[in-house]
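query.tsv (TSV, C-alpha atoms)
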chain	number	residue	atom	x	y	z
A	1	MET	CA	85.54	173.58	46.43
A	2	ASN	CA	84.90	177.17	47.45
A	3	LYS	CA	81.55	177.60	45.74
A	4	LYS	CA	78.79	175.13	45.15
A	5	PRO	CA	77.95	174.72	41.46
A	6	VAL	CA	75.12	176.65	39.86
A	7	LEU	CA	72.53	174.13	38.70
A	8	GLY	CA	69.39	174.58	36.67
A	9	ILE	CA	66.43	172.86	38.34
A	10	LEU	CA	63.73	172.25	35.74
A	11	LEU	CA	60.16	171.81	36.95
A	12	GLY	CA	59.39	169.02	34.49
A	13	ASP	CA	55.93	168.26	33.15
A	14	GLY	CA	53.56	170.84	34.60
A	15	ALA	CA	50.72	168.32	35.02
A	16	GLY	CA	52.88	165.72	36.74
A	17	VAL	CA	54.69	165.41	40.08
A	18	GLY	CA	57.82	167.32	39.05
A	19	PRO	CA	56.78	170.76	40.32
A	20	GLU	CA	55.74	169.26	43.67
A	21	ILE	CA	59.11	167.54	44.04
A	22	VAL	CA	60.97	170.75	43.24
A	23	ALA	CA	58.78	172.68	45.70
A	24	LYS	CA	59.20	170.13	48.49
A	25	LEU	CA	62.99	170.23	48.26
A	26	ALA	CA	62.96	174.03	48.23
A	27	VAL	CA	60.90	174.08	51.43
A	28	ALA	CA	63.28	171.55	53.00
A	29	ASP	CA	66.21	173.85	52.07
A	30	PHE	CA	67.76	170.85	50.33
A	31	TYR	CA	69.34	172.58	47.34
A	32	ALA	CA	71.54	174.86	49.40
A	33	LYS	CA	73.44	171.85	50.74
A	34	TYR	CA	74.70	170.89	47.30
A	35	CYS	CA	74.30	173.69	44.79
A	36	ARG	CA	73.11	177.18	43.93
A	37	PRO	CA	69.82	176.44	42.19
A	38	ILE	CA	68.05	178.37	39.46
A	39	ILE	CA	64.52	177.09	38.96
A	40	ILE	CA	63.50	176.93	35.30
A	41	GLY	CA	59.84	176.84	34.28
A	42	ASP	CA	56.67	178.85	34.68
A	43	ALA	CA	56.60	180.61	38.06
A	44	ARG	CA	52.84	180.10	38.26
A	45	ILE	CA	53.25	176.32	38.07
A	46	LEU	CA	55.75	176.48	40.93
A	47	GLU	CA	53.35	178.59	42.96
A	48	ARG	CA	50.63	176.01	42.39
A	49	ALA	CA	53.01	173.32	43.61
A	50	PHE	CA	53.70	175.30	46.79
A	51	ALA	CA	49.93	175.51	47.33
A	52	ILE	CA	49.59	171.75	46.86
A	53	ILE	CA	52.20	170.93	49.49
A	54	GLY	CA	50.93	173.66	51.83
A	55	SER	CA	54.21	175.48	52.28
A	56	SER	CA	56.49	177.81	50.36
A	57	VAL	CA	59.73	179.79	50.38
A	58	PRO	CA	60.58	183.33	49.26
A	59	THR	CA	61.29	183.41	45.53
A	60	GLN	CA	63.06	185.84	43.25
A	61	VAL	CA	61.49	185.87	39.78
A	62	ILE	CA	64.21	186.68	37.25
A	63	SER	CA	64.39	187.14	33.49
A	64	SER	CA	68.10	186.34	33.21
A	65	ALA	CA	70.41	183.92	35.03
A	66	ASP	CA	72.71	186.85	35.74
A	67	GLU	CA	70.05	188.31	38.05
A	68	ALA	CA	70.11	185.33	40.42
A	69	ASP	CA	70.74	186.38	44.04
A	70	TRP	CA	70.30	183.50	46.47
A	71	LYS	CA	70.29	185.91	49.41
A	72	VAL	CA	67.06	187.44	48.11
A	73	GLY	CA	65.19	184.18	47.57
A	74	LEU	CA	64.98	181.09	45.39
A	75	PRO	CA	65.74	182.32	41.85
A	76	VAL	CA	63.02	181.38	39.35
A	77	LEU	CA	63.79	181.94	35.68
A	78	ASP	CA	60.17	182.42	34.66
A	79	GLN	CA	59.25	181.00	31.25
A	80	LYS	CA	55.70	182.40	31.28
A	81	ASP	CA	54.57	179.63	28.95
A	82	LEU	CA	52.20	177.46	31.03
A	83	ASP	CA	49.16	178.99	32.71
A	84	PRO	CA	47.91	176.67	35.51
A	85	LYS	CA	44.26	177.39	34.65
A	86	ASP	CA	44.89	175.65	31.32
A	87	VAL	CA	46.84	172.76	32.88
A	88	PRO	CA	44.64	170.24	34.68
A	89	ILE	CA	46.77	168.09	36.96
A	90	GLY	CA	47.31	164.49	35.93
A	91	LYS	CA	46.60	164.96	32.22
A	92	LEU	CA	48.76	164.39	29.17
A	93	LEU	CA	48.91	167.78	27.48
A	94	ARG	CA	50.59	169.11	24.36
A	95	SER	CA	51.15	172.45	26.13
A	96	CYS	CA	53.17	170.72	28.85
A	97	GLY	CA	55.18	168.91	26.19
A	98	GLN	CA	56.03	172.22	24.54
A	99	ALA	CA	56.97	173.77	27.89
A	100	ASN	CA	59.27	170.79	28.55
A	101	LEU	CA	61.03	171.32	25.25
A	102	ASN	CA	61.38	175.02	26.05
A	103	MET	CA	62.93	174.22	29.44
A	104	LEU	CA	65.46	171.79	27.99
A	105	GLU	CA	66.41	174.15	25.20
A	106	LEU	CA	66.95	177.00	27.64
A	107	ALA	CA	68.98	174.84	30.03
A	108	VAL	CA	71.28	173.68	27.25
A	109	ARG	CA	71.78	177.27	26.11
A	110	LEU	CA	72.51	178.43	29.65
A	111	TYR	CA	75.11	175.69	30.01
A	112	GLN	CA	76.72	176.60	26.70
A	113	ASP	CA	76.83	180.23	27.81
A	114	ARG	CA	78.41	179.16	31.13
A	115	LYS	CA	75.54	180.56	33.18
A	116	ILE	CA	74.91	177.18	34.83
A	117	GLU	CA	77.22	174.21	35.41
A	118	GLY	CA	74.67	171.46	34.86
A	119	PHE	CA	70.99	170.79	35.38
A	120	CYS	CA	68.39	168.42	36.78
A	121	PHE	CA	64.94	168.06	35.29
A	122	GLY	CA	61.73	166.85	36.85
A	123	PRO	CA	59.92	163.96	35.13
A	124	LEU	CA	58.94	164.65	31.54
A	125	ASN	CA	56.38	162.97	29.31
A	126	LYS	CA	57.74	161.86	25.94
A	127	ALA	CA	54.27	161.56	24.42
A	128	GLY	CA	53.49	165.16	25.29
A	129	MET	CA	56.76	166.34	23.76
A	130	LYS	CA	56.07	164.39	20.58
A	131	GLU	CA	52.58	165.90	20.37
A	132	ALA	CA	54.32	169.28	20.61
A	133	GLY	CA	56.40	168.44	17.55
A	134	CYS	CA	59.54	166.84	18.96
A	135	LYS	CA	60.94	164.67	16.16
A	136	PHE	CA	63.36	162.79	18.40
A	137	GLU	CA	62.71	159.53	20.22
A	138	SER	CA	63.69	160.91	23.63
A	139	GLU	CA	64.80	164.00	25.50
A	140	HIS	CA	68.37	162.65	25.35
A	141	HIS	CA	68.35	162.65	21.55
A	142	PHE	CA	66.75	166.10	21.59
A	143	MET	CA	69.51	167.45	23.84
A	144	ALA	CA	72.23	165.74	21.81
A	145	ASP	CA	70.94	167.58	18.76
A	146	LEU	CA	70.96	170.89	20.66
A	147	PHE	CA	74.57	170.24	21.66
A	148	ALA	CA	75.45	169.08	18.10
A	149	HIS	CA	76.89	166.08	19.92
A	150	THR	CA	78.22	163.20	17.77
A	151	GLU	CA	80.05	161.05	20.33
A	152	PRO	CA	78.32	158.09	22.07
A	153	PHE	CA	75.51	159.13	24.40
A	154	GLY	CA	72.54	157.55	26.11
A	155	GLU	CA	70.67	156.91	29.33
A	156	ILE	CA	72.69	155.71	32.29
A	157	ASN	CA	70.71	154.39	35.21
A	158	VAL	CA	72.18	154.53	38.69
A	159	VAL	CA	71.12	153.08	42.03
A	160	GLY	CA	73.44	153.73	44.93
A	161	ASN	CA	76.99	153.53	43.57
A	162	LEU	CA	76.18	151.20	40.68
A	163	TRP	CA	75.93	152.56	37.13
A	164	THR	CA	74.41	150.70	34.17
A	165	THR	CA	74.43	151.23	30.43
A	166	ARG	CA	72.67	149.09	27.85
A	167	THR	CA	73.78	148.02	24.40
A	168	THR	CA	70.26	147.94	22.96
A	169	SER	CA	67.30	149.83	24.36
A	170	HIS	CA	63.76	150.24	23.05
A	171	ILE	CA	63.60	147.35	20.59
A	172	PRO	CA	61.75	144.02	20.70
A	173	ILE	CA	63.53	141.13	22.40
A	174	SER	CA	63.36	139.22	19.12
A	175	GLU	CA	65.68	141.84	17.55
A	176	VAL	CA	68.27	142.12	20.33
A	177	SER	CA	70.72	139.52	19.01
A	178	SER	CA	70.86	141.05	15.53
A	179	HIS	CA	71.74	144.43	17.05
A	180	LEU	CA	74.67	143.10	19.07
A	181	THR	CA	77.98	143.88	17.39
A	182	VAL	CA	81.45	144.52	18.70
A	183	GLU	CA	80.94	148.17	17.80
A	184	SER	CA	77.56	148.55	19.53
A	185	ILE	CA	78.77	146.84	22.70
A	186	LEU	CA	81.97	148.87	22.71
A	187	ARG	CA	79.92	152.05	22.37
A	188	ALA	CA	78.03	151.18	25.57
A	189	VAL	CA	81.29	150.28	27.33
A	190	ARG	CA	82.93	153.56	26.34
A	191	LEU	CA	79.87	155.50	27.43
A	192	ALA	CA	79.92	153.84	30.85
A	193	ASP	CA	83.65	154.33	31.31
A	194	THR	CA	83.60	158.02	30.35
A	195	SER	CA	80.52	158.86	32.38
A	196	ILE	CA	81.70	157.16	35.56
A	197	ARG	CA	85.08	158.86	35.22
A	198	ASN	CA	83.25	162.20	35.00
A	199	SER	CA	81.82	161.52	38.45
A	200	GLY	CA	85.32	161.20	39.93
A	201	VAL	CA	86.06	157.45	39.69
A	202	ALA	CA	89.56	157.22	38.22
A	203	LYS	CA	89.44	153.63	36.89
A	204	PRO	CA	85.88	152.28	36.63
A	205	ARG	CA	85.45	148.50	36.92
A	206	LEU	CA	82.94	147.37	34.32
A	207	ALA	CA	81.13	144.03	34.08
A	208	LEU	CA	79.52	142.91	30.85
A	209	ALA	CA	76.43	140.75	31.20
A	210	ALA	CA	76.03	137.74	28.95
A	211	LEU	CA	73.02	137.46	26.67
A	212	ASN	CA	72.31	133.74	26.89
A	213	PRO	CA	71.61	131.45	29.89
A	214	HIS	CA	74.81	130.43	31.67
A	215	ALA	CA	76.78	132.79	29.40
A	216	GLY	CA	76.09	130.55	26.42
A	217	GLU	CA	77.69	127.41	27.87
A	218	ASN	CA	80.72	127.68	25.57
A	219	GLY	CA	78.54	127.90	22.48
A	220	MET	CA	76.11	125.13	23.44
A	221	CYS	CA	73.40	127.70	24.26
A	222	GLY	CA	74.09	130.54	21.84
A	223	ARG	CA	77.24	132.06	20.35
A	224	GLU	CA	76.79	135.78	21.03
A	225	GLU	CA	79.20	135.60	23.97
A	226	ILE	CA	81.92	134.04	21.82
A	227	ASP	CA	81.30	135.94	18.61
A	228	VAL	CA	80.67	139.50	19.81
A	229	ILE	CA	80.74	140.07	23.57
A	230	GLU	CA	84.18	138.58	24.26
A	231	PRO	CA	85.78	140.40	21.30
A	232	ALA	CA	84.23	143.64	22.53
A	233	ILE	CA	85.72	143.08	26.00
A	234	LYS	CA	89.13	142.41	24.42
A	235	ALA	CA	88.88	145.61	22.38
A	236	ALA	CA	87.87	147.60	25.47
A	237	ARG	CA	90.85	146.31	27.42
A	238	GLU	CA	93.13	147.30	24.56
A	239	MET	CA	91.73	150.81	24.98
A	240	GLY	CA	92.70	150.80	28.66
A	241	ILE	CA	89.18	150.16	29.97
A	242	ASP	CA	88.82	147.77	32.92
A	243	ALA	CA	86.13	145.55	31.39
A	244	SER	CA	85.46	141.92	32.28
A	245	GLY	CA	82.96	139.14	31.60
A	246	PRO	CA	80.70	138.12	30.07
A	247	TYR	CA	79.05	137.07	33.31
A	248	PRO	CA	75.85	135.01	33.40
A	249	SER	CA	72.99	137.46	33.64
A	250	ASP	CA	71.52	135.84	36.75
A	251	ILE	CA	74.66	136.51	38.83
A	252	THR	CA	75.96	139.74	37.29
A	253	PHE	CA	74.00	142.04	39.57
A	254	ILE	CA	74.62	139.91	42.66
A	255	LYS	CA	78.32	140.56	42.17
A	256	ALA	CA	77.73	144.20	41.23
A	257	PHE	CA	75.54	145.08	44.22
A	258	ARG	CA	78.09	143.60	46.61
A	259	GLY	CA	80.64	146.07	45.26
A	260	ASP	CA	82.68	144.04	42.77
A	261	PHE	CA	82.02	146.55	39.95
A	262	ASP	CA	81.33	150.24	39.44
A	263	GLY	CA	79.22	149.65	36.36
A	264	VAL	CA	77.40	146.98	34.39
A	265	VAL	CA	76.91	146.93	30.63
A	266	THR	CA	73.77	145.00	29.72
A	267	MET	CA	72.70	143.65	26.37
A	268	TYR	CA	69.04	144.71	26.47
A	269	HIS	CA	66.72	147.09	28.30
A	270	ASP	CA	65.10	145.01	31.04
A	271	GLN	CA	68.26	143.05	31.82
A	272	GLY	CA	69.40	145.97	33.93
A	273	GLN	CA	66.15	147.77	34.64
A	274	ILE	CA	64.56	144.86	36.51
A	275	ALA	CA	67.56	144.55	38.80
A	276	LEU	CA	67.82	148.26	39.52
A	277	LYS	CA	64.13	148.81	40.15
A	278	LEU	CA	63.93	145.84	42.48
A	279	LYS	CA	66.94	147.19	44.36
A	280	GLY	CA	65.83	150.79	44.66
A	281	PHE	CA	62.76	151.95	42.74
A	282	ASP	CA	62.31	155.06	44.89
A	283	GLU	CA	65.94	156.17	44.69
A	284	GLY	CA	67.09	155.51	41.13
A	285	ILE	CA	68.35	158.26	38.83
A	286	THR	CA	68.98	158.62	35.11
A	287	ILE	CA	72.05	160.42	33.81
A	288	ALA	CA	72.31	161.81	30.28
A	289	GLY	CA	75.54	159.92	29.72
A	290	GLY	CA	78.02	161.16	27.17
A	291	LEU	CA	76.57	164.65	26.75
A	292	PRO	CA	78.87	167.59	27.55
A	293	ALA	CA	76.95	168.78	30.63
A	294	PRO	CA	76.07	167.08	33.90
A	295	ILE	CA	72.38	166.32	33.31
A	296	VAL	CA	70.45	164.11	35.71
A	297	THR	CA	66.84	163.27	36.49
A	298	CYS	CA	64.91	160.86	38.68
A	299	ALA	CA	64.32	157.46	37.09
A	300	HIS	CA	60.57	157.50	37.70
A	301	GLY	CA	57.99	159.20	35.51
A	302	THR	CA	55.37	161.92	35.81
A	303	ALA	CA	53.13	159.78	38.06
A	304	TYR	CA	49.92	161.46	36.87
A	305	ASP	CA	47.93	159.18	39.18
A	306	ILE	CA	49.31	160.84	42.32
A	307	ALA	CA	50.02	164.32	40.94
A	308	GLY	CA	48.39	167.11	42.91
A	309	LYS	CA	48.07	165.07	46.09
A	310	GLY	CA	51.30	166.23	47.72
A	311	ILE	CA	52.37	162.66	48.48
A	312	VAL	CA	55.16	162.13	45.96
A	313	LYS	CA	58.49	160.97	47.39
A	314	THR	CA	61.56	163.07	46.70
A	315	LEU	CA	64.48	160.68	47.30
A	316	ALA	CA	65.19	159.98	43.63
A	317	PHE	CA	65.32	163.68	42.74
A	318	GLU	CA	67.47	164.34	45.80
A	319	ASN	CA	69.92	161.78	44.44
A	320	ALA	CA	69.74	163.44	41.02
A	321	VAL	CA	70.70	166.81	42.49
A	322	LYS	CA	73.53	165.25	44.49
A	323	MET	CA	74.91	163.50	41.40
A	324	ALA	CA	74.68	166.56	39.16
A	325	SER	CA	76.42	168.62	41.82
A	326	LYS	CA	79.12	166.00	42.22
A	327	MET	CA	79.72	165.78	38.48
A	328	ALA	CA	79.74	169.56	38.04
A	329	SER	CA	82.24	169.98	40.87
A	330	HIS	CA	84.49	167.25	39.44
A	331	LEU	CA	84.45	168.80	35.97
A	332	ALA	CA	85.24	172.22	37.47
A	333	GLU	CA	88.25	170.75	39.27
A	334	LYS	CA	89.49	169.17	36.03
A	335	ALA	CA	89.15	172.41	34.08
Produce structure tokens that represent the structure in this file.
Amino acid sequence: MNKKPVLGILLGDGAGVGPEIVAKLAVADFYAKYCRPIIIGDARILERAFAIIGSSVPTQVISSADEADWKVGLPVLDQKDLDPKDVPIGKLLRSCGQANLNMLELAVRLYQDRKIEGFCFGPLNKAGMKEAGCKFESEHHFMADLFAHTEPFGEINVVGNLWTTRTTSHIPISEVSSHLTVESILRAVRLADTSIRNSGVAKPRLALAALNPHAGENGMCGREEIDVIEPAIKAAREMGIDASGPYPSDITFIKAFRGDFDGVVTMYHDQGQIALKLKGFDEGITIAGGLPAPIVTCAHGTAYDIAGKGIVKTLAFENAVKMASKMASHLAEKA
């Protein structure tokens, strides 16, 4: 690869820790190791973040991505939509939610116009975006609409080299079983397979977690494994996907973390989240799986309780930048 990919780096919620994270990595000269960054957000919020951490770098405020010149300074595509004097740190604000929507919309447009090759966004606040009028349940659904994307998509959580997708997400546990179908499981499997391939893994090894204790004990402790999970695995294999299981939930991640699999498909939200956050809470990332662009963020939230104190850790966002750069480079090589 002759040139590092151009990535949008979105500040995230202006009242949260995102701007501080972005500022810290700029001061550490981290971005230059992996990409050519274009910061997206209000330049005044970035300047406040530099003041919080007590250090800064030369910046180049631009009005168009075409103006970016990394020899001049860190390019900042100034949105001019969030005045710090109206943004108390650590508060849920509609104005921040609107600025987040603006950032995402601009980043998608820049990718579609081939001005950037992917993007990373600092932590957002869904409640703020909904107060600002977002009619979608998450930023992923919002971006899918911007892309007019109709193929499977969803959050993929990654710690280290292990990727996870989930068949059901934000629904009560009491409703999980009724939402498990061959089609819904296969959708999660396909999403995992495609997304991991886009990172450069030629033949991802996927494990499917069982729903019931001891994988249902041959129907003695639930039939979901027999009736839907096993048929979904069979269908995936017929599609050329290396899927196996269902494995009892209490051993799936033991096998996965020792390197037996590249990805795990879980049946419900916390089945994977508990394992990943115990393994690496400070390093986990979330990938917008299935969408056309490499889009990655840190798995943690806006952390309003520590915002403005300059103490936020940056490892998760570092991993997000590394992954987005890796995916963008791989897609460029395939093109």
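Look at Val176 of chain A: the protein and nucleic acid residues within 12 Å of it, using only C-alpha atoms and passing over chain neighbours fewer than 5 places away, are Arg166, Thr167, Thr168, Ser169, His170, Ile171, Thr181, Ser184, Ile185, Leu211, Asn212, Glu224, Thr266, Met267, Tyr268, His269, Asp270 and Gln271 of chain A.
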Problem - Residue neighbourhood Ala303 of chain A, 8 Å, all atoms listed in the file, exclusion window fewer than 6 positions, as a PyMOL selection string - result: chain A and resi 16-17+90
Handout entry: Minimum-distance residue to Leu186 of chain A, chosen among A:Gly54, A:Gly200, A:Gly160, A:Pro231 (using all atoms listed in the file)
Key =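 Residue with the minimum atom-to-atom distance to Leu186 of chain A: A:Pro231.
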Handout entry: Best match for closeness to Asp262 of chain A among A:Ser63, A:Thr286, A:Gln98, A:Thr164, counting all atoms listed in the file
Key = A:Thr164
Output as a tab-separated table one row per residue of segment 27-81 of chain A within 12 Å of segment 119-124 of chain A: the closest atom pair and its distance in Å to one decimal place, counting all atoms listed in the file, sorted by chain and residue number ascending.
residue	atom	partner	partner_atom	distance
A:Tyr31	CA	A:Cys120	CA	11.4
A:Cys35	CA	A:Phe119	CA	10.4
A:Arg36	CA	A:Phe119	CA	10.9
A:Pro37	CA	A:Phe119	CA	8.9
A:Ile38	CA	A:Phe119	CA	9.1
A:Ile39	CA	A:Phe119	CA	9.7
A:Ile40	CA	A:Phe121	CA	9.0
A:Gly41	CA	A:Phe121	CA	10.2
Could the residues in this selection be written to a file with C-alpha atoms, as a PDB file, in the coordinates of the input?
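Result file follows (out.pdb):
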ATOM      1  CA  TYR A  31      69.340 172.580  47.340  1.00  0.00           C
ATOM      2  CA  CYS A  35      74.300 173.690  44.790  1.00  0.00           C
ATOM      3  CA  ARG A  36      73.110 177.180  43.930  1.00  0.00           C
ATOM      4  CA  PRO A  37      69.820 176.440  42.190  1.00  0.00           C
ATOM      5  CA  ILE A  38      68.050 178.370  39.460  1.00  0.00           C
ATOM      6  CA  ILE A  39      64.520 177.090  38.960  1.00  0.00           C
ATOM      7  CA  ILE A  40      63.500 176.930  35.300  1.00  0.00           C
ATOM      8  CA  GLY A  41      59.840 176.840  34.280  1.00  0.00           C
TER       9      GLY A  41
END
Exercise for the section: Counting only C-alpha atoms, figure out which residue out of A:Leu74, A:Ala65, A:Ala243, A:Ile52 gets nearest to Glu20 of chain A. Expected result: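 Closest residue, counting only C-alpha atoms: A:Ile52.
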Around segment 79-98 of chain A, fit a box with edges along x, y and z, padding it by 5 Å on each side, then list its centre and edge lengths in Å to one decimal as lines of an AutoDock Vina configuration file.
center_x = 51.8
center_y = 173.4
center_z = 30.7
size_x = 25.0
size_y = 28.0
size_z = 22.6
Exercise for the section: Could you tell me how far atom CA of Val201 of chain A lies from atom CA of Phe317 of chain A, in Å and to one decimal? Expected result: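 Distance between the two atoms: 21.9 Å.
When all atoms listed in the file are used to measure the gap to Ser195 of chain A, the shortest distance among A:Ala210, A:Cys221, A:Val312, A:Val296 belongs to A:Val296.
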Exercise for the section: Extract, using all atoms listed in the file, all DNA, RNA and protein residues at most 8 Å from segment 233-240 of chain A, discarding same-chain residues fewer than 6 positions from it, and format them as a list in words. Expected result: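 These residues fall inside the cut-off: Leu186, Val189, Arg190 and Leu208 of chain A.
Every protein or nucleic acid residue with an atom no more than 10 Å from Gly133 of chain A, counting all atoms listed in the file and leaving out same-chain residues fewer than 2 positions away, appears here: Arg94, Gly97, Gln98, Leu101, Ala127, Gly128, Met129, Lys130, Glu131, Lys135 and Phe136 of chain A.
Across the model, the gap from atom CA of Phe257 of chain A to atom CA of Glu225 of chain A is 22.7 Å.
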Fill in the blank from the handout: For Ala316 of chain A, the closest of A:Met143, A:Leu93, A:Val76, A:Val159 counting all atoms listed in the file is A:Val159
Exercise for the section: Would you please work out which residue, of A:Glu318, A:Ala43, A:Leu206, A:Arg223, is nearest to Ser244 of chain A when using all atoms listed in the file? Expected result: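 Ranked by minimum distance to Ser244 of chain A, first place goes to A:Leu206.
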